Structures are given as C-alpha cells and as structure tokens.
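Structure file input_29.pdb with PDB, C-alpha atoms, pLDDT in the B column:
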ATOM      1  CA  GLU E 516      -0.584 123.635-103.327  1.00 68.00           C
ATOM      2  CA  ALA E 517      -0.064 124.478-106.996  1.00 76.00           C
ATOM      3  CA  VAL E 518      -1.820 126.953-109.265  1.00 73.00           C
ATOM      4  CA  HIS E 519      -1.392 126.710-113.018  1.00 75.00           C
ATOM      5  CA  ALA E 520      -2.920 129.737-114.696  1.00 71.00           C
ATOM      6  CA  SER E 521      -0.906 129.604-117.896  1.00 73.00           C
ATOM      7  CA  ASN E 522      -2.478 130.703-121.170  1.00 76.00           C
ATOM      8  CA  CYS E 523      -5.098 132.739-119.323  1.00 77.00           C
ATOM      9  CA  ALA E 524      -6.229 136.162-120.426  1.00 77.00           C
ATOM     10  CA  LEU E 525      -4.845 137.878-117.336  1.00 80.00           C
ATOM     11  CA  ASP E 526      -4.343 141.578-117.904  1.00 81.00           C
ATOM     12  CA  THR E 527      -1.977 143.788-115.929  1.00 82.00           C
ATOM     13  CA  THR E 528      -4.638 144.619-113.322  1.00 86.00           C
ATOM     14  CA  ALA E 529      -5.397 140.928-112.736  1.00 86.00           C
ATOM     15  CA  LEU E 530      -1.686 140.074-112.428  1.00 86.00           C
ATOM     16  CA  VAL E 531      -1.127 142.886-109.920  1.00 88.00           C
ATOM     17  CA  ALA E 532      -4.186 141.760-107.928  1.00 91.00           C
ATOM     18  CA  LEU E 533      -2.939 138.159-107.915  1.00 90.00           C
ATOM     19  CA  ALA E 534       0.496 139.226-106.677  1.00 91.00           C
ATOM     20  CA  THR E 535      -1.089 141.367-103.965  1.00 91.00           C
ATOM     21  CA  VAL E 536      -3.359 138.589-102.712  1.00 91.00           C
ATOM     22  CA  LEU E 537      -0.451 136.137-102.617  1.00 91.00           C
ATOM     23  CA  GLN E 538       1.369 138.313-100.095  1.00 90.00           C
ATOM     24  CA  ALA E 539      -0.782 136.609 -97.460  1.00 89.00           C
ATOM     25  CA  ASN E 540      -0.327 133.102 -98.897  1.00 86.00           C
ATOM     26  CA  THR E 541       0.511 130.364 -96.431  1.00 83.00           C
ATOM     27  CA  SER E 542      -0.085 127.227 -98.480  1.00 88.00           C
ATOM     28  CA  LEU E 543       0.656 127.761-102.179  1.00 91.00           C
ATOM     29  CA  ARG E 544       4.011 126.252-103.217  1.00 94.00           C
ATOM     30  CA  VAL E 545       3.962 126.504-107.033  1.00 94.00           C
ATOM     31  CA  LEU E 546       2.606 129.328-109.187  1.00 92.00           C
ATOM     32  CA  ASP E 547       2.599 129.062-112.976  1.00 91.00           C
ATOM     33  CA  ILE E 548       1.323 132.143-114.766  1.00 88.00           C
ATOM     34  CA  SER E 549       3.353 131.636-117.903  1.00 86.00           C
ATOM     35  CA  ARG E 550       1.950 133.211-121.040  1.00 83.00           C
ATOM     36  CA  PRO E 551      -0.706 135.350-119.358  1.00 80.00           C
ATOM     37  CA  LEU E 552      -1.762 136.836-122.722  1.00 71.00           C
ATOM     38  CA  ALA E 553      -1.383 140.350-121.297  1.00 64.00           C
ATOM     39  CA  LYS E 554      -0.873 143.021-123.921  1.00 58.00           C
ATOM     40  CA  THR E 555       1.723 144.990-121.951  1.00 59.00           C
ATOM     41  CA  LEU E 556       5.288 144.305-120.915  1.00 60.00           C
ATOM     42  CA  MET E 557       5.560 142.340-117.706  1.00 68.00           C
ATOM     43  CA  ASP E 558       7.738 144.878-115.887  1.00 79.00           C
ATOM     44  CA  GLU E 559       4.945 146.446-113.826  1.00 80.00           C
ATOM     45  CA  PRO E 560       3.498 143.104-112.684  1.00 82.00           C
ATOM     46  CA  ALA E 561       7.070 141.878-112.063  1.00 87.00           C
ATOM     47  CA  SER E 562       7.515 144.623-109.466  1.00 87.00           C
ATOM     48  CA  HIS E 563       4.355 143.434-107.690  1.00 89.00           C
ATOM     49  CA  PHE E 564       5.427 139.786-107.851  1.00 91.00           C
ATOM     50  CA  GLY E 565       8.784 140.885-106.473  1.00 89.00           C
ATOM     51  CA  ARG E 566       7.029 142.614-103.584  1.00 88.00           C
ATOM     52  CA  MET E 567       5.018 139.438-103.008  1.00 92.00           C
ATOM     53  CA  LEU E 568       8.202 137.335-102.938  1.00 88.00           C
ATOM     54  CA  HIS E 569       9.616 139.736-100.367  1.00 83.00           C
ATOM     55  CA  VAL E 570       6.951 138.734 -97.826  1.00 86.00           C
ATOM     56  CA  ASN E 571       5.708 135.347 -99.068  1.00 89.00           C
ATOM     57  CA  THR E 572       7.634 132.593 -97.298  1.00 89.00           C
ATOM     58  CA  THR E 573       5.897 129.521 -98.735  1.00 93.00           C
ATOM     59  CA  LEU E 574       6.122 129.922-102.523  1.00 94.00           C
ATOM     60  CA  GLN E 575       8.892 127.657-103.800  1.00 96.00           C
ATOM     61  CA  GLU E 576       8.426 127.803-107.577  1.00 96.00           C
ATOM     62  CA  LEU E 577       7.397 130.727-109.776  1.00 95.00           C
ATOM     63  CA  ASP E 578       6.930 130.437-113.535  1.00 94.00           C
ATOM     64  CA  LEU E 579       6.832 133.761-115.388  1.00 92.00           C
ATOM     65  CA  SER E 580       7.760 132.324-118.775  1.00 91.00           C
ATOM     66  CA  GLN E 581       6.411 133.942-121.943  1.00 89.00           C
ATOM     67  CA  CYS E 582       5.441 137.101-120.083  1.00 87.00           C
ATOM     68  CA  LYS E 583       7.227 139.629-122.315  1.00 88.00           C
ATOM     69  CA  MET E 584       9.605 140.427-119.457  1.00 91.00           C
ATOM     70  CA  ASN E 585      12.850 142.234-120.175  1.00 93.00           C
ATOM     71  CA  ASP E 586      15.955 142.938-118.077  1.00 96.00           C
ATOM     72  CA  PHE E 587      14.144 145.464-115.896  1.00 95.00           C
ATOM     73  CA  GLY E 588      11.485 142.936-114.862  1.00 94.00           C
ATOM     74  CA  LEU E 589      14.157 140.378-113.922  1.00 96.00           C
ATOM     75  CA  GLN E 590      16.029 143.086-112.034  1.00 96.00           C
ATOM     76  CA  LEU E 591      12.925 143.904-109.961  1.00 93.00           C
ATOM     77  CA  LEU E 592      12.396 140.232-109.101  1.00 94.00           C
ATOM     78  CA  ALA E 593      16.054 139.664-108.195  1.00 95.00           C
ATOM     79  CA  GLU E 594      16.190 142.777-105.997  1.00 94.00           C
ATOM     80  CA  SER E 595      13.100 141.688-104.080  1.00 92.00           C
ATOM     81  CA  ILE E 596      14.346 138.134-103.566  1.00 93.00           C
ATOM     82  CA  TYR E 597      17.679 139.535-102.358  1.00 94.00           C
ATOM     83  CA  ARG E 598      15.960 141.924 -99.929  1.00 92.00           C
ATOM     84  CA  ALA E 599      13.748 139.097 -98.631  1.00 91.00           C
ATOM     85  CA  GLY E 600      16.855 137.252 -97.481  1.00 89.00           C
ATOM     86  CA  PRO E 601      16.165 134.105 -95.492  1.00 88.00           C
ATOM     87  CA  SER E 602      12.404 134.658 -95.495  1.00 87.00           C
ATOM     88  CA  SER E 603      12.176 133.856 -99.226  1.00 90.00           C
ATOM     89  CA  GLY E 604      11.473 130.202 -99.870  1.00 92.00           C
ATOM     90  CA  LEU E 605      11.783 130.504-103.647  1.00 95.00           C
ATOM     91  CA  GLN E 606      13.849 127.653-105.065  1.00 97.00           C
ATOM     92  CA  VAL E 607      12.837 127.638-108.743  1.00 98.00           C
ATOM     93  CA  LEU E 608      12.462 130.704-110.975  1.00 97.00           C
ATOM     94  CA  LYS E 609      11.338 130.204-114.548  1.00 97.00           C
ATOM     95  CA  VAL E 610      11.617 133.224-116.822  1.00 96.00           C
ATOM     96  CA  ALA E 611      12.048 131.408-120.134  1.00 96.00           C
ATOM     97  CA  CYS E 612      10.772 132.718-123.472  1.00 94.00           C
ATOM     98  CA  ASN E 613      10.954 136.391-122.549  1.00 94.00           C
ATOM     99  CA  ASN E 614      13.016 139.333-123.815  1.00 94.00           C
ATOM    100  CA  ILE E 615      15.822 139.056-121.268  1.00 97.00           C
ATOM    101  CA  GLN E 616      19.253 139.981-122.638  1.00 97.00           C
ATOM    102  CA  LEU E 617      21.323 140.661-119.499  1.00 97.00           C
ATOM    103  CA  VAL E 618      22.755 143.801-121.055  1.00 94.00           C
ATOM    104  CA  SER E 619      21.553 146.087-118.270  1.00 95.00           C
ATOM    105  CA  ASP E 620      24.254 146.558-115.626  1.00 97.00           C
ATOM    106  CA  GLU E 621      21.548 147.064-112.991  1.00 97.00           C
ATOM    107  CA  CYS E 622      19.917 143.731-113.859  1.00 97.00           C
ATOM    108  CA  VAL E 623      23.246 141.875-113.800  1.00 97.00           C
ATOM    109  CA  LEU E 624      24.124 143.445-110.420  1.00 97.00           C
ATOM    110  CA  ALA E 625      20.735 142.530-108.925  1.00 97.00           C
ATOM    111  CA  LEU E 626      21.018 138.960-110.197  1.00 97.00           C
ATOM    112  CA  SER E 627      24.569 138.724-108.876  1.00 96.00           C
ATOM    113  CA  LEU E 628      23.610 140.027-105.423  1.00 96.00           C
ATOM    114  CA  MET E 629      20.663 137.664-105.220  1.00 95.00           C
ATOM    115  CA  LEU E 630      22.573 134.531-106.265  1.00 95.00           C
ATOM    116  CA  SER E 631      25.686 135.259-104.197  1.00 94.00           C
ATOM    117  CA  HIS E 632      23.786 135.990-100.979  1.00 93.00           C
ATOM    118  CA  ASN E 633      24.288 133.157 -98.490  1.00 91.00           C
ATOM    119  CA  THR E 634      20.550 132.987 -97.694  1.00 90.00           C
ATOM    120  CA  CYS E 635      19.434 132.636-101.328  1.00 91.00           C
ATOM    121  CA  ARG E 636      17.631 129.311-101.774  1.00 94.00           C
ATOM    122  CA  LEU E 637      17.314 129.500-105.549  1.00 95.00           C
ATOM    123  CA  SER E 638      18.588 126.201-106.947  1.00 97.00           C
ATOM    124  CA  GLU E 639      17.080 126.348-110.451  1.00 98.00           C
ATOM    125  CA  LEU E 640      17.023 129.257-112.900  1.00 98.00           C
ATOM    126  CA  TYR E 641      15.407 128.871-116.303  1.00 98.00           C
ATOM    127  CA  LEU E 642      16.483 131.490-118.852  1.00 98.00           C
ATOM    128  CA  GLY E 643      15.941 129.421-122.002  1.00 98.00           C
ATOM    129  CA  SER E 644      14.637 131.033-125.198  1.00 98.00           C
ATOM    130  CA  ASN E 645      15.483 134.590-124.237  1.00 98.00           C
ATOM    131  CA  ARG E 646      17.878 136.903-126.080  1.00 98.00           C
ATOM    132  CA  LEU E 647      21.094 136.416-124.112  1.00 98.00           C
ATOM    133  CA  ARG E 648      23.524 135.802-126.973  1.00 98.00           C
ATOM    134  CA  ASP E 649      27.219 135.758-126.089  1.00 98.00           C
ATOM    135  CA  GLU E 650      27.156 139.162-124.368  1.00 97.00           C
ATOM    136  CA  GLY E 651      24.534 138.039-121.878  1.00 97.00           C
ATOM    137  CA  ALA E 652      26.122 134.600-121.473  1.00 97.00           C
ATOM    138  CA  LEU E 653      29.471 136.156-120.550  1.00 97.00           C
ATOM    139  CA  LYS E 654      27.805 138.286-117.871  1.00 97.00           C
ATOM    140  CA  LEU E 655      25.741 135.346-116.666  1.00 97.00           C
ATOM    141  CA  ALA E 656      28.894 133.237-116.349  1.00 97.00           C
ATOM    142  CA  GLU E 657      30.325 135.774-113.897  1.00 95.00           C
ATOM    143  CA  VAL E 658      27.064 135.882-111.959  1.00 95.00           C
ATOM    144  CA  VAL E 659      26.536 132.126-111.562  1.00 95.00           C
ATOM    145  CA  SER E 660      30.139 131.552-110.531  1.00 92.00           C
ATOM    146  CA  GLN E 661      29.290 133.361-107.277  1.00 87.00           C
ATOM    147  CA  SER E 662      26.344 131.113-106.440  1.00 92.00           C
ATOM    148  CA  GLU E 663      26.767 128.196-104.064  1.00 89.00           C
ATOM    149  CA  LYS E 664      23.184 126.926-104.278  1.00 93.00           C
ATOM    150  CA  LEU E 665      22.355 127.120-107.998  1.00 95.00           C
ATOM    151  CA  ARG E 666      22.265 123.572-109.369  1.00 96.00           C
ATOM    152  CA  LYS E 667      20.329 123.940-112.615  1.00 97.00           C
ATOM    153  CA  LEU E 668      20.690 126.673-115.216  1.00 97.00           C
ATOM    154  CA  ASP E 669      18.787 126.545-118.494  1.00 98.00           C
ATOM    155  CA  VAL E 670      20.105 128.783-121.279  1.00 98.00           C
ATOM    156  CA  THR E 671      18.893 126.751-124.273  1.00 97.00           C
ATOM    157  CA  SER E 672      17.888 128.599-127.459  1.00 98.00           C
ATOM    158  CA  ASN E 673      19.623 131.884-126.689  1.00 98.00           C
ATOM    159  CA  SER E 674      21.865 132.148-129.767  1.00 97.00           C
ATOM    160  CA  ILE E 675      24.930 131.516-127.619  1.00 98.00           C
ATOM    161  CA  THR E 676      28.046 130.481-129.530  1.00 97.00           C
ATOM    162  CA  SER E 677      31.009 128.487-128.271  1.00 97.00           C
ATOM    163  CA  ARG E 678      32.492 131.655-126.766  1.00 97.00           C
ATOM    164  CA  GLY E 679      29.540 132.139-124.412  1.00 97.00           C
ATOM    165  CA  LEU E 680      29.108 128.428-123.734  1.00 95.00           C
ATOM    166  CA  CYS E 681      32.772 128.031-122.764  1.00 96.00           C
ATOM    167  CA  ALA E 682      32.458 130.938-120.320  1.00 96.00           C
ATOM    168  CA  LEU E 683      29.391 129.315-118.764  1.00 95.00           C
ATOM    169  CA  ALA E 684      31.103 125.944-118.577  1.00 92.00           C
ATOM    170  CA  ARG E 685      33.885 127.383-116.452  1.00 86.00           C
TER     171      ARG E 685
END
Turn the structure described in the file into structure tokens.
Amino acid sequence: EAVHASNCALDTTALVALATVLQANTSLRVLDISRPLAKTLMDEPASHFGRMLHVNTTLQELDLSQCKMNDFGLQLLAESIYRAGPSSGLQVLKVACNNIQLVSDECVLALSLMLSHNTCRLSELYLGSNRLRDEGALKLAEVVSQSEKLRKLDVTSNSITSRGLCALAR
C-alpha cells in the first residue's frame, strides 16, 4: 500500500511514466518520490502527477519533497486536486524542501480554490524549507484561513519573521 522511491535516480521520463501508470491505481495509498535526483525542474512531472490525482481515488499521501518544484508546479497540483473534487482522496501533500515562494498570483489562487472547496480532503500540507519568507507567509495566511479541513501546516525553515508568523497564527 505504500511506495517509497525517495533518493532514486528517476529522470523526468520515469516520473511521467510513474504518474501515468498510477492513474489506474486501486490499492496504493502512500507515494514517496522525494528527492528523485532528476536534473530538471519538477514542473513538467508535477503536471502529470496532477493529472493522476485528478483520476486516482485511492492515493491518500503524496510526498514530492526535494523535487526542485517552484510555484508553477504547486499550482498545477492544486488545480488538478481542485478539479478532481470529491473523487480525490488525497489527505497529505508534502512539498517541503523545494523552491516554492507563493509569489505567483496564479499559484496562490489555485491553492486557495483547492483548500476552500468543500470537497477537499487535504488535512496536512507540508511547505517546510521552501522560500516563502514573509511575503509568501502573508499570502498563505489568507489561503489557509479559508480551509475547514486543514489541520496541519508545516512552514518551518522558510525565513519567516514575526510579521509572517503572526499572520499565520491568526
């Protein structure tokens, strides 16, 4: 029920193939492909994993930490989870140790739509060790305030000062 393929030399083609195959998954609950050692940015594979999440109803936890993902990759994932609606079973999304800043308005909107949708099951979001800083934390504070299901939010090691932390605390 769980696949841990972290620290594997998966290139972009292998990641896309994995995402494609998982569209027909009926038993896998946890997928950890953190730190795939791919040489490219994770945005292209993120679009394929997003497509997979749109049709895959059994995956509950996805770990894409250390995948060199930026705002666009997170946007693609969030849009797909939002479009999947009640068919998405994803409860935990780990995108720690990437290049996510939450400075892209499109990414913030996609994340906001996903988390505020009444059918979103996401209860844990790990954004630790990205590049949020206060600007991203302020935007994230607005986004998470709209979520009824989110119970755990990790923003450790993001160079967030008291200004950003106070906004998140509210």
- Residues near region 644-651 of chain E, cut-off 8 Å, only C-alpha atoms, skip fewer than 6 positions along chain, as number ranges by chain: E: 611-618, 670-676, 678-680
- Message: Applying 7 Å and all atoms listed in the file, which residues near region 519-525 of chain E remain after dropping the ones on its own chain fewer than 6 positions away? List them as a list in words.
- Response: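 My reading of the contact set: Leu546, Asp547, Ile548, Ser549, Arg550, Pro551, Leu552 and Ala553 of chain E.
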Just to be explicit: take each residue in the selection above, keep C-alpha atoms, and write the result as a short mmCIF file (atom, residue, chain, number, x, y, z; two decimals), in the frame of the given file.
data_model
loop_
_atom_site.label_atom_id
_atom_site.label_comp_id
_atom_site.auth_asym_id
_atom_site.auth_seq_id
_atom_site.Cartn_x
_atom_site.Cartn_y
_atom_site.Cartn_z
CA LEU E 546 2.61 129.33 -109.19
CA ASP E 547 2.60 129.06 -112.98
CA ILE E 548 1.32 132.14 -114.77
CA SER E 549 3.35 131.64 -117.90
CA ARG E 550 1.95 133.21 -121.04
CA PRO E 551 -0.71 135.35 -119.36
CA LEU E 552 -1.76 136.84 -122.72
CA ALA E 553 -1.38 140.35 -121.30
#
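In this structure, CA of Arg666 (chain E) sits 21.0 Å away from CA of Thr572 (chain E).
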- Task: Would you mind telling me which residue in E:Cys681, E:Val610, E:Val518, E:Ala534 lies nearest to Tyr641 (chain E) when using all atoms listed in the file?
- Result: E:Val610
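What the PyMOL selection byres ((chain E and resi 601) around 12) grabs from this file is Leu568, His569, Val570, Asn571, Thr572, Thr573, Ser595, Ile596, Tyr597, Arg598, Ala599, Gly600, Ser602, Ser603, Gly604, Leu605, Gln606, Met629, His632, Asn633, Thr634, Cys635, Arg636 and Leu637 of chain E.
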- Rank nothing, just name the residue among E:Glu594, E:Asp578, E:Asp620, E:Glu663 nearest to Ser638 (chain E), using only C-alpha atoms.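 Closest residue, counting only C-alpha atoms: E:Glu663.
With only C-alpha atoms as the atoms that count, the minimum distance from Ser619 (chain E) to the choices E:Leu655, E:Ala529, E:Gln581, E:Leu640 is reached by E:Leu655.
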- Task: Name the residues, using the chain letters and numbers of the file, that sit within 7 Å of (18.1, 144.3, -115.7) when counting only C-alpha atoms, and give them as a PyMOL selection string.
- Result: chain E and resi 586-590+617+619-623
Output file for the selection above: C-alpha atoms, as a tab-separated table (two decimals), keeping the file's coordinate frame:
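The result, written out as again.tsv:
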chain	number	residue	atom	x	y	z
E	586	ASP	CA	15.96	142.94	-118.08
E	587	PHE	CA	14.14	145.46	-115.90
E	588	GLY	CA	11.48	142.94	-114.86
E	589	LEU	CA	14.16	140.38	-113.92
E	590	GLN	CA	16.03	143.09	-112.03
E	617	LEU	CA	21.32	140.66	-119.50
E	619	SER	CA	21.55	146.09	-118.27
E	620	ASP	CA	24.25	146.56	-115.63
E	621	GLU	CA	21.55	147.06	-112.99
E	622	CYS	CA	19.92	143.73	-113.86
E	623	VAL	CA	23.25	141.88	-113.80
- Compare E:Leu591, E:Glu559, E:Asp526, E:Glu576 by their minimum atom-to-atom distance to Arg544 (chain E), counting only C-alpha atoms, and give me the closest one.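 Ranking E:Leu591, E:Glu559, E:Asp526, E:Glu576 by distance to Arg544 (chain E), first place goes to E:Glu576.
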If you take every atom of region 516-529 of chain E that the file lists and fit an axis-aligned box around them with 4 Å extra on each side, what centre and edge lengths come out in Å to one decimal, as JSON?
{"center_x": -3.1, "center_y": 134.1, "center_z": -112.2, "size_x": 14.2, "size_y": 29.0, "size_z": 25.8}
- Query: Expressed in Å to a single decimal, how great is the separation between CA of Leu574 (chain E) and CA of Ser627 (chain E)?
  - Reply: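 These atoms are spaced 21.4 Å apart.
Here the PyMOL selection byres ((chain E and resi 656) around 9) catches exactly these residues: Gly651, Ala652, Leu653, Lys654, Leu655, Glu657, Val658, Val659, Ser660, Gly679, Leu680, Ala682, Leu683, Ala684 and Arg685 of chain E.
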